[in-house]
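Engineer: Just so it is clear, I am handing over upload-v5.txt, which has compact mmCIF, C-alpha atoms.
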# COMPACT_ATOMS: atom_id res chain seq x y z
CA GLN A 1 -14.30 78.30 54.77
CA LYS A 2 -15.40 81.35 52.80
CA SER A 3 -18.35 79.53 51.25
CA ARG A 4 -19.28 78.09 54.63
CA LEU A 5 -19.23 81.59 56.16
CA GLN A 6 -21.42 82.88 53.34
CA SER A 7 -23.90 80.06 53.86
CA CYS A 8 -24.05 80.66 57.61
CA ALA A 9 -24.52 84.39 57.12
CA PHE A 10 -27.30 83.89 54.60
CA SER A 11 -29.07 81.42 56.87
CA LEU A 12 -28.84 83.84 59.80
CA ALA A 13 -30.18 86.72 57.73
CA TYR A 14 -33.02 84.62 56.38
CA CYS A 15 -34.04 83.40 59.85
CA VAL A 16 -34.11 86.94 61.20
CA ASP A 17 -36.18 88.21 58.27
CA THR A 18 -38.67 85.37 58.23
CA GLU A 19 -39.09 85.60 62.00
CA ARG A 20 -40.42 89.12 61.47
CA ILE A 21 -42.54 88.15 58.46
CA MET A 22 -44.22 85.10 59.95
CA GLY A 23 -43.80 85.90 63.62
CA SER A 24 -45.97 87.51 66.25
CA ASN A 25 -46.58 91.18 66.92
CA ASP A 26 -45.11 91.20 70.40
CA ALA A 27 -43.69 94.64 71.06
CA GLU A 28 -41.42 93.23 73.76
CA LYS A 29 -39.39 91.38 71.14
CA GLY A 30 -38.87 94.46 69.01
CA SER A 31 -35.60 95.55 70.55
CA SER A 32 -34.01 92.08 70.43
CA ARG A 33 -34.97 91.67 66.78
CA SER A 34 -33.53 95.08 66.01
CA ASP A 35 -30.26 94.02 67.63
CA LYS A 36 -30.24 90.85 65.54
CA ARG A 37 -30.74 92.85 62.34
CA THR A 38 -27.89 95.15 63.28
CA TYR A 39 -25.66 92.13 63.84
CA THR A 40 -26.78 90.66 60.54
CA GLN A 41 -25.99 93.90 58.72
CA SER A 42 -22.48 93.85 60.18
CA ILE A 43 -21.97 90.38 58.73
CA ARG A 44 -23.29 91.55 55.38
CA GLN A 45 -20.61 94.23 55.32
CA LYS A 46 -17.96 91.50 55.42
CA VAL A 47 -19.73 88.90 53.29
CA THR A 48 -21.38 90.43 50.23
CA PHE A 49 -24.38 88.41 49.19
CA GLU A 50 -24.12 89.77 45.69
CA LYS A 51 -21.40 87.19 45.10
CA ARG A 52 -23.91 84.42 45.73
CA ARG A 53 -25.56 84.44 42.36
CA PHE A 54 -27.93 81.77 41.19
CA ASP A 55 -26.54 79.61 38.40
CA VAL A 56 -29.21 79.55 35.69
CA LYS A 57 -27.43 76.64 34.02
CA THR A 58 -28.84 74.37 36.73
CA LEU A 59 -32.39 75.02 35.49
CA PRO A 60 -34.23 72.37 33.46
CA ALA A 61 -33.68 72.77 29.72
CA ASP A 62 -37.20 74.02 28.95
CA LEU A 63 -37.25 76.57 31.78
CA HIS A 64 -33.72 77.70 30.86
CA ARG A 65 -34.77 78.35 27.25
CA VAL A 66 -37.69 80.47 28.39
CA TYR A 67 -35.47 82.30 30.86
CA LYS A 68 -32.99 83.26 28.12
CA LYS A 69 -35.80 84.57 25.89
CA VAL A 70 -37.39 86.62 28.67
CA GLU A 71 -34.01 87.92 29.85
CA ILE A 72 -33.31 89.41 26.43
CA GLU A 73 -36.69 91.14 26.35
CA ARG A 74 -37.06 92.31 29.97
CA GLY A 75 -33.76 91.88 31.78
CA GLU A 76 -32.21 89.45 34.24
CA GLU A 77 -34.13 90.49 37.38
CA TYR A 78 -37.53 90.11 35.73
CA ALA A 79 -36.61 86.78 34.11
CA LEU A 80 -35.30 85.37 37.38
CA THR A 81 -38.49 86.47 39.14
CA VAL A 82 -40.52 84.54 36.58
CA VAL A 83 -38.35 81.49 37.25
CA PHE A 84 -38.71 81.97 41.01
CA THR A 85 -42.50 82.19 40.71
CA ILE A 86 -42.78 79.07 38.55
CA ARG A 87 -40.53 77.06 40.87
CA THR A 88 -42.49 78.27 43.88
CA ALA A 89 -45.71 77.06 42.26
CA ILE A 90 -44.24 73.66 41.39
CA GLU A 91 -42.76 72.96 44.81
CA LEU A 92 -45.72 74.31 46.77
CA HIS A 93 -48.01 72.16 44.63
CA ARG A 94 -45.79 69.12 45.16
CA ALA A 95 -45.73 69.60 48.92
CA TRP A 96 -49.22 70.97 49.37
CA HIS A 97 -51.58 70.33 46.48
CA ASN A 98 -53.81 73.18 47.64
CA THR A 99 -54.46 75.07 44.41
CA LEU A 100 -56.37 77.87 46.15
CA LEU A 101 -53.56 78.90 48.48
CA THR A 102 -50.86 78.29 45.88
CA ALA A 103 -52.70 80.56 43.43
CA LYS A 104 -52.93 83.24 46.13
CA ILE A 105 -49.17 83.44 46.68
CA LEU A 106 -48.59 83.39 42.91
CA GLN A 107 -51.00 86.30 42.45
CA GLN A 108 -49.15 88.28 45.11
CA LEU A 109 -45.83 87.71 43.30
CA LYS A 110 -47.39 88.64 39.97
CA ASP A 111 -48.89 91.87 41.30
CA LYS A 112 -45.78 92.87 43.24
CA TYR A 113 -43.34 92.47 40.36
CA LYS A 114 -45.79 93.14 37.50
CA LEU A 115 -45.20 89.80 35.81
CA HIS A 116 -46.82 88.90 32.50
CA LEU A 117 -47.59 85.44 33.75
CA ALA A 118 -50.72 83.27 33.92
CA TRP A 119 -51.18 79.73 35.21
CA GLU A 120 -53.51 76.77 35.33
CA LEU A 121 -53.17 74.65 38.47
CA GLY A 122 -54.65 71.22 37.93
CA VAL A 123 -54.65 68.20 40.18
CA VAL A 124 -51.29 66.92 38.94
CA LYS A 125 -50.68 69.06 35.85
CA LEU A 126 -49.53 72.68 35.92
CA LYS A 127 -49.48 75.09 32.96
CA PHE A 128 -47.68 78.42 32.85
CA HIS A 129 -48.29 81.05 30.17
CA ILE A 130 -45.39 83.52 30.05
CA GLU A 131 -45.42 86.91 28.34
CA ASP A 132 -49.13 86.85 27.55
CA GLY A 133 -48.98 83.32 26.16
CA LEU A 134 -45.88 83.80 24.00
CA TYR A 135 -44.25 80.91 25.88
CA GLU A 136 -45.92 78.00 27.64
CA LEU A 137 -44.51 75.46 30.10
CA GLN A 138 -46.28 72.35 31.36
CA TYR A 139 -45.30 70.18 34.31
CA LYS A 140 -46.69 67.03 35.83
CA VAL A 141 -46.37 67.22 39.61
CA PRO A 142 -47.15 64.03 41.57
CA TYR A 143 -48.61 63.86 45.08
CA ASP A 144 -45.95 64.26 47.75
CA TYR A 145 -47.44 65.93 50.80
CA ASP A 146 -44.68 67.47 52.89
CA SER A 147 -45.59 70.10 55.48
CA GLU A 148 -41.96 71.10 55.99
CA PHE A 149 -41.52 71.95 52.31
CA GLN A 150 -44.82 73.82 52.41
CA ASP A 151 -43.60 75.94 55.30
CA LEU A 152 -40.12 76.65 53.90
CA TYR A 153 -41.25 77.56 50.39
CA MET A 154 -43.97 79.82 51.77
CA ARG A 155 -41.40 81.59 53.95
CA ILE A 156 -39.03 82.06 51.03
CA ALA A 157 -41.79 83.49 48.83
CA ILE A 158 -42.99 85.88 51.56
CA ALA A 159 -39.43 86.98 52.31
CA TYR A 160 -38.97 87.84 48.62
CA LEU A 161 -42.35 89.61 48.50
CA ASP A 162 -41.30 91.81 51.42
CA GLU A 163 -37.89 92.43 49.77
CA HIS A 164 -35.91 90.92 52.60
CA ILE A 165 -34.00 88.69 50.20
CA THR A 166 -32.99 89.11 46.58
CA VAL A 167 -34.22 86.87 43.83
CA HIS A 168 -30.78 85.23 43.67
CA GLN A 169 -30.91 84.43 47.38
CA GLY A 170 -34.45 83.10 47.03
CA LEU A 171 -33.53 80.77 44.19
CA ILE A 172 -30.41 79.55 45.98
CA TYR A 173 -32.37 78.90 49.15
CA GLN A 174 -34.97 76.96 47.13
CA ASP A 175 -32.18 74.74 45.78
CA GLU A 176 -30.78 74.20 49.26
CA THR A 177 -34.24 73.39 50.63
CA LYS A 178 -34.89 70.81 47.94
CA ALA A 179 -31.44 69.29 48.52
CA GLY A 180 -32.31 68.86 52.21
CA LYS A 181 -29.64 71.23 53.53
CA HIS A 182 -32.14 72.82 55.90
CA THR A 183 -33.77 69.59 57.05
CA ALA A 184 -32.74 67.58 60.10
CA LYS A 185 -30.95 64.29 59.43
CA THR A 186 -33.80 62.37 61.02
CA GLY A 187 -36.21 64.04 58.62
CA LEU A 188 -34.07 63.08 55.65
CA PHE A 189 -33.83 59.52 56.95
CA ILE A 190 -37.59 58.91 57.13
CA ARG A 191 -38.44 60.93 54.02
CA THR A 192 -37.22 58.25 51.60
CA PHE A 193 -36.66 54.51 51.55
CA PRO A 194 -35.30 52.51 53.28
CA GLY A 195 -35.61 54.84 56.28
CA ARG A 196 -39.30 55.36 55.62
CA LEU A 197 -39.91 51.69 56.46
CA VAL A 198 -39.70 52.69 60.12
CA VAL A 199 -42.79 54.87 59.73
CA TYR A 200 -45.20 52.33 58.19
CA PRO A 201 -45.60 49.86 61.08
CA PHE A 202 -45.66 52.64 63.70
CA GLU A 203 -48.33 54.59 61.79
CA ALA A 204 -50.47 51.51 61.09
CA ALA A 205 -50.35 50.22 64.67
CA THR A 206 -51.07 53.51 66.40
CA CYS A 207 -53.88 54.49 64.01
CA ALA A 208 -55.51 51.06 64.41
CA VAL A 209 -55.75 51.58 68.19
CA ILE A 210 -56.28 55.34 68.50
CA PHE A 211 -58.58 56.05 65.56
CA PHE A 212 -60.31 52.77 64.83
CA GLY A 213 -60.90 51.11 68.20
CA GLY A 214 -58.42 48.24 68.01
CA ASP A 215 -56.81 46.54 71.02
CA TRP A 216 -53.18 45.61 71.64
CA VAL A 217 -53.45 42.43 69.60
CA ASP A 218 -54.72 44.48 66.68
CA PHE A 219 -51.84 46.88 67.39
CA GLY A 220 -49.27 44.13 66.83
CA ILE A 221 -50.88 42.70 63.70
CA ALA A 222 -51.36 46.18 62.21
CA ALA A 223 -47.64 46.75 62.70
CA ILE A 224 -46.94 43.59 60.70
CA THR A 225 -49.31 44.53 57.89
CA GLY A 226 -47.89 48.06 57.91
CA LEU A 227 -44.34 46.78 57.54
CA ALA A 228 -45.47 44.46 54.73
CA SER A 229 -47.14 47.33 52.87
CA GLY A 230 -43.97 49.39 53.21
CA LEU A 231 -41.82 46.55 51.85
CA VAL A 232 -44.21 46.09 48.91
CA GLU A 233 -44.04 49.79 48.05
CA TYR A 234 -40.25 49.85 48.51
CA LEU A 235 -39.88 46.93 46.11
CA LEU A 236 -42.10 48.47 43.44
CA VAL A 237 -40.50 51.90 43.76
CA THR A 238 -37.06 50.30 43.45
CA ILE A 239 -38.14 48.51 40.27
CA GLY A 240 -39.61 51.77 38.99
CA GLY A 241 -41.41 52.39 35.74
CA SER A 242 -44.85 50.85 35.32
CA ALA A 243 -44.36 48.75 38.46
CA THR A 244 -45.29 51.75 40.61
CA LEU A 245 -48.81 51.61 39.15
CA LEU A 246 -49.37 48.40 41.13
CA VAL A 247 -48.60 49.91 44.53
CA ASP A 248 -52.23 50.43 45.61
CA VAL A 249 -53.39 47.02 44.38
CA LEU A 250 -50.56 44.99 45.92
CA VAL A 251 -50.58 46.94 49.18
CA GLY A 252 -54.29 46.16 49.53
CA VAL A 253 -53.77 42.49 48.65
CA SER A 254 -50.88 42.04 51.10
CA THR A 255 -52.90 43.69 53.87
CA GLY A 256 -55.90 41.44 53.20
CA VAL A 257 -53.78 38.27 53.02
CA ILE A 258 -51.92 38.89 56.28
CA GLY A 259 -55.01 40.02 58.16
CA GLY A 260 -56.98 37.05 56.85
CA LEU A 261 -54.27 34.57 57.84
CA PHE A 262 -54.19 35.84 61.42
CA PHE A 263 -57.99 35.88 61.58
CA ASP A 264 -58.15 32.27 60.41
CA SER A 265 -55.37 31.07 62.72
CA ASN A 266 -55.57 29.48 66.16
CA ILE A 267 -52.61 31.25 67.73
CA ASP A 268 -53.42 31.70 71.43
CA GLY A 269 -57.07 32.25 70.67
CA ILE A 270 -56.38 35.13 68.30
CA GLY A 271 -58.28 33.63 65.41
CA GLY A 272 -61.74 35.04 64.97
CA GLN A 273 -61.23 37.64 67.69
CA LEU A 274 -59.48 40.31 65.65
CA CYS A 275 -60.96 43.66 64.71
CA LEU A 276 -60.10 43.48 61.02
CA PRO A 277 -61.55 46.91 60.16
CA SER A 278 -59.17 48.60 62.61
CA ILE A 279 -56.19 46.67 61.20
CA PHE A 280 -57.09 47.39 57.58
CA LEU A 281 -57.96 51.04 58.12
CA GLY A 282 -54.86 51.63 60.23
CA THR A 283 -52.63 50.11 57.57
CA LEU A 284 -54.26 51.80 54.59
CA TYR A 285 -54.50 55.13 56.40
CA TRP A 286 -51.13 56.05 54.92
CA TYR A 287 -52.50 55.58 51.41
CA PHE A 288 -55.89 57.25 51.87
CA TYR A 289 -55.63 60.87 50.72
CA GLY A 290 -58.10 62.31 53.20
CA THR A 291 -56.65 65.77 52.67
CA ALA A 292 -57.43 65.50 48.96
CA PHE A 293 -61.08 64.73 49.73
CA VAL A 294 -61.33 67.93 51.76
CA LEU A 295 -59.48 69.99 49.16
CA GLY A 296 -61.74 68.66 46.41
CA ILE A 297 -64.83 69.77 48.33
CA LEU A 298 -63.29 73.20 49.04
CA GLU A 299 -62.41 73.69 45.38
CA ILE A 300 -65.92 72.76 44.27
CA ILE A 301 -67.41 75.21 46.78
CA SER A 302 -64.97 77.92 45.63
CA GLY A 303 -66.00 77.53 42.00
CA GLU A 304 -62.94 75.53 40.85
CA LEU A 305 -65.23 72.80 39.56
CA GLN A 306 -62.86 71.12 37.13
CA THR A 307 -60.01 70.72 39.59
CA GLY A 308 -62.29 69.90 42.52
CA VAL A 309 -64.34 67.24 40.74
CA VAL A 310 -61.28 65.60 39.15
CA ARG A 311 -59.45 65.52 42.49
CA PHE A 312 -62.45 64.12 44.33
CA LEU A 313 -63.08 61.38 41.75
CA ALA A 314 -59.39 60.48 41.50
CA VAL A 315 -59.08 59.97 45.25
CA ALA A 316 -62.37 58.05 45.37
CA VAL A 317 -61.07 55.63 42.70
CA LYS A 318 -57.77 55.26 44.58
CA THR A 319 -59.65 54.43 47.78
CA PHE A 320 -61.81 51.91 45.91
CA ILE A 321 -58.73 50.15 44.50
CA LEU A 322 -57.15 49.86 47.94
CA SER A 323 -60.35 48.44 49.39
CA LEU A 324 -60.84 46.07 46.47
CA GLY A 325 -57.30 44.76 46.83
CA THR A 326 -57.85 44.13 50.53
CA SER A 327 -61.06 42.22 49.85
CA PHE A 328 -59.35 40.10 47.20
CA GLY A 329 -56.48 39.34 49.60
CA MET A 330 -58.93 38.10 52.23
CA GLN A 331 -60.70 35.88 49.69
CA LEU A 332 -57.40 34.23 48.83
CA VAL A 333 -56.89 32.91 52.36
CA LEU A 334 -60.40 32.62 53.86
CA ASP A 335 -62.91 29.94 52.99
CA SER A 336 -65.95 32.10 53.66
Translate the structure described by the file into structure tokens.
Structural biologist:
Amino acid sequence: QKSRLQSCAFSLAYCVDTERIMGSNDAEKGSSRSDKRTYTQSIRQKVTFEKRRFDVKTLPADLHRVYKKVEIERGEEYALTVVFTIRTAIELHRAWHNTLLTAKILQQLKDKYKLHLAWELGVVKLKFHIEDGLYELQYKVPYDYDSEFQDLYMRIAIAYLDEHITVHQGLIYQDETKAGKHTAKTGLFIRTFPGRLVVYPFEAATCAVIFFGGDWVDFGIAAITGLASGLVEYLLVTIGGSATLLVDVLVGVSTGVIGGLFFDSNIDGIGGQLCLPSIFLGTLYWYFYGTAFVLGILEIISGELQTGVVRFLAVAVKTFILSLGTSFGMQLVLDS
């Protein structure tokens, strides 16, 4: 019960603080927020947050080694702030992949707490140079766009910048966010397989009609191809290892095969009347990183040529593979 009370109190305090940080400037809400802060302070008098200390033993081995070295040289608070900044960069990059905005929040943390820290934010590879290059950490961060993570990690970082939470509270809240403790059960269900299988047919069918001019027949077939693509990805992800490299190819092939079979069929006059582009584009919409195209262009314009060009080319190749797989799938089942 004590730990539950501490967790509830911390969550209440964080919500009040971040509401002020990210919220509007309405003067009418000033008095109510002040009352909330007073109530929060009364809870803090009973539940001391100092007892909620981040356990550094939960850090990855490489980051823990660097933490111990920096702690000896500059103290616990500074070392934990370095850890907080690195983890913020990793998780924002994982959920966002916008190097420009991620670098901005990192620079604010560096300036605020006078950190001897530099970084290189690549498309999927991050490098951190700690204590003027005395230590270096490298991480490979895959694509995993998640707007909720983006929002939560930004709020945590801004709350720490404005000194509304301690570094221990920030690190603990990061752990809880990653563990899904602040995400609705429905969000956790569709975030990973097998729950995510619900999303694929719905996304494919609606996009085929709304974005790409399909009709209700295309809607139904796009739902089938979307479910098939989800099952293919689920199977390969379950196998793991090198099998995941085949996701784009096999998703494209399965989409082309199913769409081609329906196009070549004589089911109630469906054959030959389908809008295959709407079906294919609706299904593959999930796999097209349109955001990455835009980010690549923005990075090139902003002078981040290496990251921008690499990102743009990588996404172009991924799109080509998906399209090639779809074409090959159609050739397997169509005569001409």
Engineer: At what distance in Å, to one decimal, does CA of Leu197 (chain A) lie from CA of Asp264 (chain A)?
Structural biologist: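 Separation of CA of Asp264 (chain A) and CA of Leu197 (chain A): 26.9 Å.
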Engineer: Quick check, in Å to one decimal: how far apart do CA of Leu281 (chain A) and CA of Ala222 (chain A) lie?
Structural biologist: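 If I compute the distance from CA of Leu281 (chain A) to CA of Ala222 (chain A), I get 9.2 Å.
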Engineer: Rounded to one decimal place, report the CA of Ser278 (chain A)-CA of Gly252 (chain A) distance in Å.
Structural biologist: 14.2 Å
Engineer: Between A:Leu236, A:Ile270, A:Leu121, A:Val294, which one has atoms that come closest to Val315 (chain A), using only C-alpha atoms?
Structural biologist: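 Ranking A:Leu236, A:Ile270, A:Leu121, A:Val294 by distance to Val315 (chain A), first place goes to A:Val294.
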Engineer: Just want the 9 Å neighbourhood of Ser323 (chain A), counted on all atoms listed in the file, with same-chain residues fewer than 6 positions away dropped. Output as number ranges by chain.
Structural biologist: A: 249, 252-253, 280, 284
Engineer: Using all atoms listed in the file, which residues sit within 10 Å of Val70 (chain A) once same-chain residues fewer than 3 positions away are excluded, as a PyMOL selection string?
Structural biologist: chain A and resi 64-67+73-76+78-80+82+130-131+135
Engineer: At a cut-off of 12 Å, using only C-alpha atoms, what residues contact Asp132 (chain A)? Leave out same-chain residues fewer than 6 positions from it and give the result as a list in words.
Structural biologist: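 My reading of the contact set: Val70, Leu115, His116, Leu117, Ala118 and Trp119 of chain A.
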Engineer: Per residue of region 62-107 of chain A within 10 Å of region 172-194 of chain A, which atom pair is closest and at what distance in Å (one decimal), using all atoms listed in the file, listed by chain and increasing number, as a Markdown table?
Structural biologist:
| residue | atom | partner | partner_atom | distance |
| --- | --- | --- | --- | --- |
| A:Phe84 | CA | A:Gln174 | CA | 8.7 |
| A:Arg87 | CA | A:Gln174 | CA | 8.4 |
| A:Thr88 | CA | A:Gln174 | CA | 8.3 |
| A:Glu91 | CA | A:Lys178 | CA | 8.7 |
Engineer: Applying 9 Å and only C-alpha atoms, which residues near Ile105 (chain A) remain after dropping the ones on its own chain fewer than 2 positions away? List them as a ChimeraX atom specification.
Structural biologist: /A:88-89,101-103,107-110,154,157-158
Engineer: Go ahead and dump the residues you just picked, C-alpha atoms, as a PDB file, in the frame of the given file.
Structural biologist:
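Below is the file that was written, result_2.pdb:
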ATOM      1  CA  THR A  88     -42.490  78.270  43.880  1.00  0.00           C
ATOM      2  CA  ALA A  89     -45.710  77.060  42.260  1.00  0.00           C
ATOM      3  CA  LEU A 101     -53.560  78.900  48.480  1.00  0.00           C
ATOM      4  CA  THR A 102     -50.860  78.290  45.880  1.00  0.00           C
ATOM      5  CA  ALA A 103     -52.700  80.560  43.430  1.00  0.00           C
ATOM      6  CA  GLN A 107     -51.000  86.300  42.450  1.00  0.00           C
ATOM      7  CA  GLN A 108     -49.150  88.280  45.110  1.00  0.00           C
ATOM      8  CA  LEU A 109     -45.830  87.710  43.300  1.00  0.00           C
ATOM      9  CA  LYS A 110     -47.390  88.640  39.970  1.00  0.00           C
ATOM     10  CA  MET A 154     -43.970  79.820  51.770  1.00  0.00           C
ATOM     11  CA  ALA A 157     -41.790  83.490  48.830  1.00  0.00           C
ATOM     12  CA  ILE A 158     -42.990  85.880  51.560  1.00  0.00           C
TER      13      ILE A 158
END
Engineer: Write out as a PyMOL selection string the residues lying within 9 Å of Ala228 (chain A), counting all atoms listed in the file and excluding same-chain residues fewer than 5 positions away.
Structural biologist: chain A and resi 200-201+223+233+251+254-255+258
Engineer: Using only C-alpha atoms, which of A:Leu161, A:His168, A:His97, A:Glu120 sits nearest Tyr289 (chain A)?
Structural biologist: A:His97
Engineer: Restricting the calculation to all atoms listed in the file: of A:Thr238, A:Phe320, A:Tyr113, A:Cys207, which residue gets closest to Glu163 (chain A)?
Structural biologist: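 Of all the options, A:Tyr113 lies closest to Glu163 (chain A).
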Engineer: Considering all atoms listed in the file, can you say which of A:Asp151, A:Glu203, A:Asp335, A:Asp55 comes closest to Gln169 (chain A)?
Structural biologist: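 Of the candidates, the smallest distance to Gln169 (chain A) is held by A:Asp55.
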Engineer: Determine, for each residue of region 248-299 of chain A having at least one atom at most 10 Å from an atom of region 215-221 of chain A, the closest pair of atoms and their separation in Å to one decimal, counting all atoms listed in the file; order by chain and ascending number, as CSV.
Structural biologist:
residue,atom,partner,partner_atom,distance
A:Ile258,CA,A:Ile221,CA,8.4
A:Gly259,CA,A:Ile221,CA,7.4
A:Phe262,CA,A:Ile221,CA,8.0
A:Ile270,CA,A:Val217,CA,8.0
A:Gln273,CA,A:Val217,CA,9.3
A:Leu274,CA,A:Asp218,CA,6.4
A:Cys275,CA,A:Asp218,CA,6.6
A:Leu276,CA,A:Asp218,CA,7.9
A:Pro277,CA,A:Asp218,CA,9.8
A:Ser278,CA,A:Asp218,CA,7.3
A:Ile279,CA,A:Asp218,CA,6.1
A:Phe280,CA,A:Asp218,CA,9.8
A:Gly282,CA,A:Phe219,CA,9.1
A:Thr283,CA,A:Ile221,CA,9.8
